[in-house]
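Remarks on the structure that follows.
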Amino acid sequence: MLAVVALWGFSFVAIKVGLREIPPFAFVALRFVLAAVPLVFFIKRPRMPWRFVVGYGLAVGVCQFGLLFFGMKLGMPAGLSSVVIQLQIFFTVGLAIAFLGDRLRKEDLLGAAVATLGVVLLGVYKVMAGVTSTLIGFLLVIAAALAWAVGNVVAKRAAKDDADMFALVVWSSLIPPLPLALLSYAFAGGAGVWSAVASAGMLTWASVLLLAWGATLFGFASWAALLHRYPTALVSPFALLIPVSGLVSGAIFLDEGLAPLQVAGVVLVLLGLAENLFGTQLRARLRRA
């Protein structure tokens with residue numbers, strides 16, 4: 001669990017490094033090409049309607065990572081992005097209540113309220129700094145969190161037909177490359193994209209491979225196996241370490257720092273996530289004590 005969350009947090013550094021040479025949409029497209037090929041020739045297609053495979057690929061591959069990479073290209077720091085993207089937890093809860101019939105818990109409301117206050121503080125800091133590309137990047141990362149939540153709801157609904165989520169990830173990785181290539185052509189031009197990819201250095205390609213094989217395939221397969229083997233209540237709190245790993249990695253490898261107002265916002269987001277994930281268990285233990 002520690003290896004997975006450390007890898008997922010560090011992957012935001014890999015994104016930032018790769019974006020120095022490759023345009024964002026082309027970078028995401030390469031990630032999913034390498035995540036799908038060659039495994040798609042060895043992993044059986046998940047036994048579910050194609051609409052779930054396509055929907056998951058569009059939500060997570062095109063929208064989530066496309067918007068995340070674009071937001072980071074426009075200036076969102078790696079560490080801060082790893083925090084803001086975790087708003088997907090609250091978006092997932094809301095969408096599951098609306099479309100899957102899940103019940104609303106007190107912890108959901110309290111955690112969402114605390115985390116929202118933290119995001120407001122982060123947004124206030126961006127506005128105080130001026131309406132720049134970084135503010136737009138901040139909003140794009142929030143939109144990426146919503147897209148991730150949509151993907152989670154699609155995956156949860158698809159699991160009723162086939163619980164092989166690893167096969168879903170591999171086969172859905174075939175969906176994003178073409179739409180992302182078209183977006184990259186529209187934003188950066190075909191010649192410019194091809195030149196950037198062809199001239200990318202070893203460090204950039206190492207970042208692509210880390211994201212494709214490490215964060216996507218190894219990370220997802222390991223996390224799914226842990227959720228299958230151990231209780232969800234034991235595994236899910238470790239997700240709180242992803243933004244911690246992201247912030248530490250950004251500080252160490254990219255020399256990123258946070259202003260005091262941003263620190264307050266990050267703390268509130270993490271407190272909101274903690275309340276959502278295991279607030280009930282903590283209060284139950286306190287009552288027993």
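In the structure tokens, each chain is lettered A, B, ... as it comes, each chain's residues begin at 1, and ligands are numbered from 1 in order of appearance.
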Give me, as a compact mmCIF listing (two decimals) with N, CA, C and O atoms, in the first residue's frame, all polymer residues having an atom no more than 12 Å from segment 241-256 of chain A, counting only C-alpha atoms and skipping those fewer than 5 positions away in the same chain.
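Result written to selection.txt:
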# COMPACT_ATOMS: atom_id res chain seq x y z
N MET A 1 0.83 -1.21 0.00
CA MET A 1 0.00 0.00 0.00
C MET A 1 0.86 1.25 0.00
O MET A 1 0.59 2.21 -0.72
N LEU A 2 1.93 1.22 0.82
CA LEU A 2 2.82 2.38 0.87
C LEU A 2 3.54 2.58 -0.46
O LEU A 2 3.73 3.72 -0.90
N ALA A 3 3.92 1.49 -1.11
CA ALA A 3 4.59 1.60 -2.41
C ALA A 3 3.66 2.22 -3.45
O ALA A 3 4.08 3.08 -4.25
N VAL A 4 2.40 1.81 -3.45
CA VAL A 4 1.45 2.32 -4.44
C VAL A 4 1.19 3.81 -4.23
O VAL A 4 1.24 4.60 -5.17
N VAL A 5 0.90 4.21 -2.98
CA VAL A 5 0.57 5.63 -2.75
C VAL A 5 1.79 6.51 -2.98
O VAL A 5 1.66 7.65 -3.45
N ALA A 6 3.00 6.00 -2.65
CA ALA A 6 4.21 6.78 -2.92
C ALA A 6 4.41 6.95 -4.42
O ALA A 6 4.77 8.03 -4.90
N LEU A 7 4.16 5.88 -5.18
CA LEU A 7 4.29 5.95 -6.64
C LEU A 7 3.27 6.90 -7.24
O LEU A 7 3.60 7.72 -8.11
N TRP A 8 2.02 6.82 -6.79
CA TRP A 8 0.99 7.70 -7.33
C TRP A 8 1.27 9.17 -7.00
O TRP A 8 1.02 10.05 -7.80
N GLY A 9 1.79 9.43 -5.80
CA GLY A 9 2.14 10.80 -5.45
C GLY A 9 3.30 11.31 -6.28
O GLY A 9 3.30 12.44 -6.78
N PHE A 10 4.32 10.45 -6.45
CA PHE A 10 5.50 10.84 -7.23
C PHE A 10 5.16 11.01 -8.70
O PHE A 10 5.86 11.74 -9.42
N SER A 11 4.10 10.35 -9.18
CA SER A 11 3.76 10.44 -10.61
C SER A 11 3.45 11.87 -11.04
O SER A 11 3.60 12.20 -12.21
N PHE A 12 3.04 12.73 -10.09
CA PHE A 12 2.78 14.12 -10.44
C PHE A 12 4.08 14.83 -10.81
O PHE A 12 4.08 15.76 -11.62
N VAL A 13 5.19 14.41 -10.22
CA VAL A 13 6.50 14.95 -10.63
C VAL A 13 6.83 14.48 -12.04
O VAL A 13 7.31 15.26 -12.87
N ALA A 14 6.56 13.20 -12.33
CA ALA A 14 6.81 12.68 -13.67
C ALA A 14 5.99 13.44 -14.72
O ALA A 14 6.47 13.70 -15.83
N ILE A 15 4.74 13.77 -14.37
CA ILE A 15 3.91 14.54 -15.30
C ILE A 15 4.55 15.89 -15.58
O ILE A 15 4.67 16.32 -16.73
N LYS A 16 4.96 16.57 -14.52
CA LYS A 16 5.55 17.90 -14.67
C LYS A 16 6.82 17.84 -15.52
O LYS A 16 7.07 18.72 -16.36
N VAL A 17 7.63 16.81 -15.30
CA VAL A 17 8.87 16.67 -16.06
C VAL A 17 8.58 16.40 -17.53
O VAL A 17 9.16 17.03 -18.42
N GLY A 75 0.59 25.68 -15.39
CA GLY A 75 1.26 26.22 -14.22
C GLY A 75 0.88 25.64 -12.88
O GLY A 75 1.46 26.03 -11.86
N MET A 76 -0.08 24.71 -12.81
CA MET A 76 -0.41 24.13 -11.52
C MET A 76 0.76 23.30 -11.01
O MET A 76 1.25 22.40 -11.70
N PRO A 77 1.23 23.56 -9.78
CA PRO A 77 2.35 22.78 -9.23
C PRO A 77 1.97 21.31 -9.06
O PRO A 77 0.80 20.97 -8.85
N ALA A 78 2.96 20.44 -9.12
CA ALA A 78 2.71 19.00 -9.02
C ALA A 78 2.11 18.64 -7.67
O ALA A 78 1.13 17.90 -7.58
N GLY A 79 2.72 19.15 -6.57
CA GLY A 79 2.24 18.81 -5.24
C GLY A 79 0.82 19.28 -5.00
O GLY A 79 -0.02 18.54 -4.47
N LEU A 80 0.52 20.52 -5.38
CA LEU A 80 -0.82 21.06 -5.17
C LEU A 80 -1.85 20.33 -6.03
O LEU A 80 -2.98 20.09 -5.60
N SER A 81 -1.46 19.92 -7.23
CA SER A 81 -2.37 19.15 -8.09
C SER A 81 -2.74 17.83 -7.45
O SER A 81 -3.89 17.37 -7.54
N SER A 82 -1.78 17.20 -6.75
CA SER A 82 -2.06 15.91 -6.11
C SER A 82 -3.06 16.06 -4.98
O SER A 82 -3.75 15.08 -4.63
N VAL A 83 -3.18 17.26 -4.41
CA VAL A 83 -4.17 17.51 -3.36
C VAL A 83 -5.53 17.80 -3.98
O VAL A 83 -6.54 17.19 -3.62
N VAL A 84 -5.58 18.73 -4.92
CA VAL A 84 -6.85 19.18 -5.50
C VAL A 84 -7.56 18.04 -6.22
O VAL A 84 -8.79 17.93 -6.15
N ILE A 85 -6.81 17.16 -6.88
CA ILE A 85 -7.44 16.07 -7.64
C ILE A 85 -8.19 15.12 -6.72
O ILE A 85 -9.11 14.41 -7.15
N GLN A 86 -7.83 15.11 -5.41
CA GLN A 86 -8.51 14.21 -4.48
C GLN A 86 -9.94 14.65 -4.17
O GLN A 86 -10.69 13.93 -3.49
N LEU A 87 -10.35 15.80 -4.68
CA LEU A 87 -11.76 16.18 -4.58
C LEU A 87 -12.66 15.17 -5.29
O LEU A 87 -13.88 15.17 -5.10
N ALA A 215 2.27 3.84 -12.68
CA ALA A 215 1.08 4.43 -12.07
C ALA A 215 -0.21 3.78 -12.55
O ALA A 215 -1.15 3.56 -11.77
N GLY A 219 0.09 0.22 -10.43
CA GLY A 219 -0.64 0.87 -9.35
C GLY A 219 -2.07 0.38 -9.26
O GLY A 219 -2.55 0.02 -8.18
N VAL A 235 -7.83 -0.35 3.75
CA VAL A 235 -7.04 0.10 2.60
C VAL A 235 -7.28 1.57 2.27
O VAL A 235 -6.34 2.34 2.04
N SER A 236 -8.55 1.99 2.25
CA SER A 236 -8.90 3.32 1.73
C SER A 236 -8.23 4.48 2.45
O SER A 236 -7.88 5.47 1.80
N GLN A 262 -1.99 28.81 1.26
CA GLN A 262 -2.10 27.53 0.57
C GLN A 262 -1.94 26.36 1.54
O GLN A 262 -2.64 25.34 1.43
N VAL A 263 -1.04 26.50 2.50
CA VAL A 263 -0.86 25.46 3.52
C VAL A 263 -2.16 25.24 4.28
O VAL A 263 -2.58 24.10 4.52
N VAL A 266 -4.56 23.33 2.03
CA VAL A 266 -4.18 21.93 1.91
C VAL A 266 -4.56 21.15 3.16
O VAL A 266 -5.10 20.03 3.10
N VAL A 267 -4.29 21.73 4.34
CA VAL A 267 -4.64 21.07 5.60
C VAL A 267 -6.14 20.81 5.69
O VAL A 267 -6.58 19.73 6.09
N VAL A 269 -8.28 20.50 3.17
CA VAL A 269 -8.64 19.45 2.21
C VAL A 269 -8.31 18.07 2.79
O VAL A 269 -9.13 17.13 2.72
N LEU A 270 -7.13 17.93 3.39
CA LEU A 270 -6.74 16.64 3.96
C LEU A 270 -7.63 16.27 5.14
O LEU A 270 -7.99 15.09 5.31
N LEU A 273 -10.86 14.99 3.69
CA LEU A 273 -10.69 13.63 3.19
C LEU A 273 -10.64 12.63 4.34
O LEU A 273 -11.25 11.55 4.26
N ALA A 274 -9.94 12.98 5.41
CA ALA A 274 -9.85 12.08 6.56
C ALA A 274 -11.23 11.86 7.19
O ALA A 274 -11.59 10.74 7.56
_DSSP on the backbone, helix (DSSP H, G or I) only: what residues of segment 73-220 of chain A does that give? Format it as a PyMOL selection string._
chain A and resi 73+78-99+106-128+133-158+165-172+177-188+190-198+202-220
*Using only C-alpha atoms, determine which residues lie at most 6 Å from segment 179-185 of chain A, disregarding the query and same-chain residues fewer than 4 positions distant; provide the list as an NGL selection string.*
:A and (25-26 or 29 or 189-190)
*Neighbours of Ala212 of chain A within 9 Å (only C-alpha atoms; same-chain residues fewer than 3 positions away dropped), as a PyMOL selection string?*
chain A and resi 30-36+207-209+215-218
*Using only C-alpha atoms, which residues sit within 8 Å of Ala167 of chain A once same-chain residues fewer than 6 positions away are excluded, as a list of chain:residue names?*
A:Ile43, A:Lys44, A:Arg45, A:Pro46
*Would you mind telling me which residue in A:Leu95, A:Ile142, A:Val119, A:Ala264 lies nearest to Cys63 of chain A when using only C-alpha atoms?*
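Nearest candidate to Cys63 of chain A out of A:Leu95, A:Ile142, A:Val119, A:Ala264: A:Ile142.
Distance check against Trp223 of chain A using only C-alpha atoms: of A:Trp50, A:Phe90, A:Phe166, A:Trp205, the minimum falls on A:Phe166.
Within 8 Å of Leu19 of chain A, once only C-alpha atoms are used and residues closer than 6 positions along the same chain are dropped, the contacting residues are Phe27, Phe69 and Lys73 of chain A.
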*asked:* I want to know what sits within 8 Å of segment 280-288 of chain A, based on only C-alpha atoms, with residues of the same chain fewer than 2 positions away left out; could you give that as a ChimeraX atom specification?
replied: /A:107,275,278
*Using only C-alpha atoms, pick whichever of A:Gly94, A:Gly66, A:Pro49, A:Gly61 has the shortest atom-to-atom distance to Leu174 of chain A.*
A:Gly61
*Looking at A:Leu58, A:Val40, A:Met128, A:Ala98, which one is nearest to Pro177 of chain A, with distances taken over only C-alpha atoms?*
A:Leu58
*For Asp108 of chain A, which residue out of A:Ile89, A:Tyr125, A:Ala186, A:Leu268 is the nearest one, using only C-alpha atoms?*
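Using only C-alpha atoms, Asp108 of chain A sits closest to A:Ile89.
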*How many Å separate atom CA of Arg105 of chain A from atom CA of Ala158 of chain A?*
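Atom-to-atom, atom CA of Arg105 of chain A and atom CA of Ala158 of chain A are spaced 23.7 Å apart.
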*In Å to one decimal, how far is atom CA of Ala144 of chain A from atom CA of Val54 of chain A?*
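Result for atom CA of Val54 of chain A versus atom CA of Ala144 of chain A: 17.5 Å, one decimal.
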*With only C-alpha atoms as the atoms that count, which of A:Leu261, A:Val170, A:Ala191, A:Val93 lies nearest to Lys156 of chain A?*
A:Val93
